[in-house]
file structure_5.cif (mmCIF, C-alpha atoms)
data_my_file
#
loop_
_atom_site.label_atom_id
_atom_site.label_comp_id
_atom_site.auth_asym_id
_atom_site.auth_seq_id
_atom_site.Cartn_x
_atom_site.Cartn_y
_atom_site.Cartn_z
CA MET N 1 22.40 -2.84 -64.28
CA LEU N 2 24.26 0.12 -62.83
CA ASN N 3 21.10 1.52 -61.20
CA ARG N 4 20.94 4.35 -63.71
CA THR N 5 18.13 5.34 -65.98
CA LEU N 6 18.69 6.58 -69.49
CA SER N 7 16.73 9.36 -71.12
CA LYS N 8 14.88 8.83 -74.37
CA LEU N 9 17.67 10.59 -76.29
CA GLN N 10 20.30 8.36 -74.70
CA TRP N 11 18.38 5.21 -75.69
CA ILE N 12 18.08 6.47 -79.26
CA SER N 13 21.83 7.18 -79.23
CA VAL N 14 22.60 3.66 -77.98
CA PHE N 15 20.54 2.05 -80.75
CA MET N 16 22.05 4.35 -83.37
CA LEU N 17 25.53 3.42 -82.13
CA CYS N 18 24.71 -0.30 -82.31
CA GLY N 19 23.28 0.13 -85.79
CA GLY N 20 26.30 2.14 -86.93
CA VAL N 21 28.78 -0.44 -85.67
CA THR N 22 26.76 -3.19 -87.32
CA LEU N 23 26.64 -1.37 -90.65
CA VAL N 24 30.38 -0.67 -90.55
CA GLN N 25 31.08 -4.37 -90.06
CA TRP N 26 28.61 -5.48 -92.73
CA LYS N 27 30.26 -6.26 -96.08
CA PRO N 28 28.21 -7.21 -99.14
CA ALA N 29 29.05 -10.45 -100.95
CA GLN N 30 30.58 -8.51 -103.87
CA ALA N 31 33.01 -6.70 -101.55
CA THR N 32 34.25 -9.88 -99.87
CA LYS N 33 34.79 -11.74 -103.18
CA VAL N 34 33.68 -14.95 -101.51
CA MET N 35 31.52 -17.16 -103.65
CA VAL N 36 29.48 -18.84 -100.93
CA GLU N 37 25.82 -18.53 -100.20
CA GLN N 38 25.34 -15.91 -97.52
CA ASN N 39 22.38 -15.08 -95.34
CA PRO N 40 22.51 -11.30 -94.70
CA LEU N 41 19.85 -11.46 -92.00
CA LEU N 42 21.77 -14.13 -90.08
CA GLY N 43 24.98 -12.13 -90.42
CA PHE N 44 23.28 -8.95 -89.26
CA GLY N 45 21.90 -10.81 -86.24
CA ALA N 46 25.30 -12.26 -85.39
CA ILE N 47 26.95 -8.85 -85.55
CA ALA N 48 24.18 -7.29 -83.44
CA ILE N 49 24.57 -10.01 -80.80
CA ALA N 50 28.36 -9.51 -80.76
CA VAL N 51 27.92 -5.76 -80.25
CA LEU N 52 25.42 -6.30 -77.43
CA CYS N 53 27.63 -8.89 -75.71
CA SER N 54 30.62 -6.58 -75.89
CA GLY N 55 28.65 -3.72 -74.38
CA PHE N 56 27.20 -5.97 -71.70
CA ALA N 57 30.68 -7.19 -70.73
CA GLY N 58 31.92 -3.61 -70.32
CA VAL N 59 28.95 -2.58 -68.20
CA TYR N 60 29.14 -5.73 -66.08
CA PHE N 61 32.87 -5.22 -65.45
CA GLU N 62 32.22 -1.63 -64.40
CA LYS N 63 29.53 -2.84 -62.01
CA VAL N 64 31.88 -5.42 -60.50
CA LEU N 65 34.57 -2.79 -60.02
CA LYS N 66 32.21 -0.30 -58.39
CA SER N 67 30.46 -2.80 -56.12
CA SER N 68 33.49 -4.46 -54.54
CA ASP N 69 36.36 -3.40 -52.34
CA THR N 70 38.87 -5.17 -54.54
CA SER N 71 41.29 -2.81 -56.21
CA LEU N 72 41.58 -2.34 -59.95
CA TRP N 73 45.08 -3.85 -59.87
CA VAL N 74 43.82 -7.09 -58.32
CA ARG N 75 40.97 -7.30 -60.86
CA ASN N 76 43.44 -6.78 -63.73
CA ILE N 77 45.70 -9.54 -62.41
CA GLN N 78 42.70 -11.86 -62.12
CA MET N 79 41.70 -11.14 -65.71
CA TYR N 80 45.26 -11.56 -67.01
CA LEU N 81 45.70 -14.90 -65.22
CA SER N 82 42.43 -16.27 -66.53
CA GLY N 83 43.33 -15.02 -70.01
CA ILE N 84 46.71 -16.75 -69.83
CA VAL N 85 45.10 -20.05 -68.83
CA VAL N 86 42.51 -19.90 -71.62
CA THR N 87 45.15 -18.91 -74.19
CA LEU N 88 47.54 -21.70 -73.15
CA VAL N 89 44.75 -24.26 -73.44
CA GLY N 90 43.96 -22.97 -76.93
CA VAL N 91 47.62 -23.01 -77.97
CA TYR N 92 48.12 -26.58 -76.80
CA LEU N 93 44.89 -27.75 -78.43
CA SER N 94 45.84 -26.26 -81.80
CA ASP N 95 49.66 -26.68 -81.81
CA GLY N 96 50.36 -29.12 -78.98
CA ALA N 97 52.33 -31.65 -81.04
CA GLU N 98 54.55 -28.97 -82.56
CA ILE N 99 55.17 -27.39 -79.16
CA LYS N 100 56.18 -30.76 -77.70
CA GLU N 101 58.54 -31.35 -80.61
CA LYS N 102 60.15 -27.91 -80.95
CA GLY N 103 59.41 -26.18 -77.65
CA PHE N 104 57.14 -23.34 -76.70
CA PHE N 105 59.56 -20.56 -77.64
CA TYR N 106 60.58 -22.00 -81.02
CA GLY N 107 60.87 -19.25 -83.61
CA TYR N 108 61.50 -16.43 -81.15
CA THR N 109 64.23 -14.17 -82.52
CA TYR N 110 66.39 -11.64 -80.71
CA TYR N 111 63.98 -8.95 -81.87
CA VAL N 112 61.05 -10.72 -80.25
CA TRP N 113 62.93 -11.12 -76.97
CA PHE N 114 63.95 -7.46 -77.13
CA VAL N 115 60.33 -6.36 -77.45
CA ILE N 116 59.23 -8.68 -74.63
CA CYS N 117 61.98 -7.50 -72.26
CA LYS N 118 61.96 -3.84 -73.27
CA TYR N 119 58.17 -3.40 -73.26
CA PRO N 120 56.65 -5.85 -70.77
CA GLY N 121 53.57 -3.69 -70.46
CA ILE N 122 52.42 -1.08 -72.91
CA LYS N 123 51.59 2.12 -71.07
CA GLY N 124 48.18 3.60 -71.66
CA SER N 125 46.59 0.38 -72.92
CA GLY N 126 44.15 -0.07 -70.10
#

call {"tool": "encode", "arguments": {"input": "structure_5.cif", "output": "structure tokens"}}
result
Amino acid sequence: MLNRTLSKLQWISVFMLCGGVTLVQWKPAQATKVMVEQNPLLGFGAIAIAVLCSGFAGVYFEKVLKSSDTSLWVRNIQMYLSGIVVTLVGVYLSDGAEIKEKGFFYGYTYYVWFVICKYPGIKGSG
């Protein structure tokens, strides 16, 4: 995707990394203490797909950044705005009635407002 070829050792490393992440996330039925019928193969497949999708998203975003003249700041703003829209839709779908009744900022304390105003962006998080 980025017009790069990987050596044999790099491919082995990628698969080992995917396998390691999958194994770290895998919890046996006894460890979860959930008494439901589980399909380990289905769970393993779901985790593997999640790992691959996450990696693909990172590589695709890097490709978009490197192949366009748009600055990183503009791309970040675009991602934040789309994230805000998706999050607001989710909030209103799950808690819309309560938000209409009590307001969007119901439950915010002075401490919450202090954190929002004092730290509007956490440095080093991106």

call {"tool": "resolve_selection", "arguments": {"input": "structure_5.cif", "expression": "the PyMOL selection byres ((chain N and resi 48) around 12)", "output": "NGL selection string"}}
result
:N and (15-26 or 41-47 or 49-55)

call {"tool": "atom_distance", "arguments": {"input": "structure_5.cif", "atom1": "atom CA of Phe61 of chain N", "atom2": "atom CA of Ser7 of chain N"}}
result
22.5 Å

call {"tool": "atom_distance", "arguments": {"input": "structure_5.cif", "atom1": "atom CA of Val86 of chain N", "atom2": "atom CA of Trp73 of chain N"}}
result
20.1 Å

call {"tool": "atom_distance", "arguments": {"input": "structure_5.cif", "atom1": "atom CA of Lys8 of chain N", "atom2": "atom CA of Val64 of chain N"}}
result
26.2 Å

call {"tool": "closest_atom_pairs", "arguments": {"input": "structure_5.cif", "of": "segment 6-97 of chain N", "to": "segment 104-117 of chain N", "cutoff": "10 Å", "atoms": "only C-alpha atoms", "output": "Markdown table"}}
result
| residue | atom | partner | partner_atom | distance |
| --- | --- | --- | --- | --- |
| N:Val91 | CA | N:Phe104 | CA | 9.6 |
| N:Tyr92 | CA | N:Phe104 | CA | 9.6 |
| N:Asp95 | CA | N:Phe104 | CA | 9.7 |
| N:Gly96 | CA | N:Phe104 | CA | 9.2 |
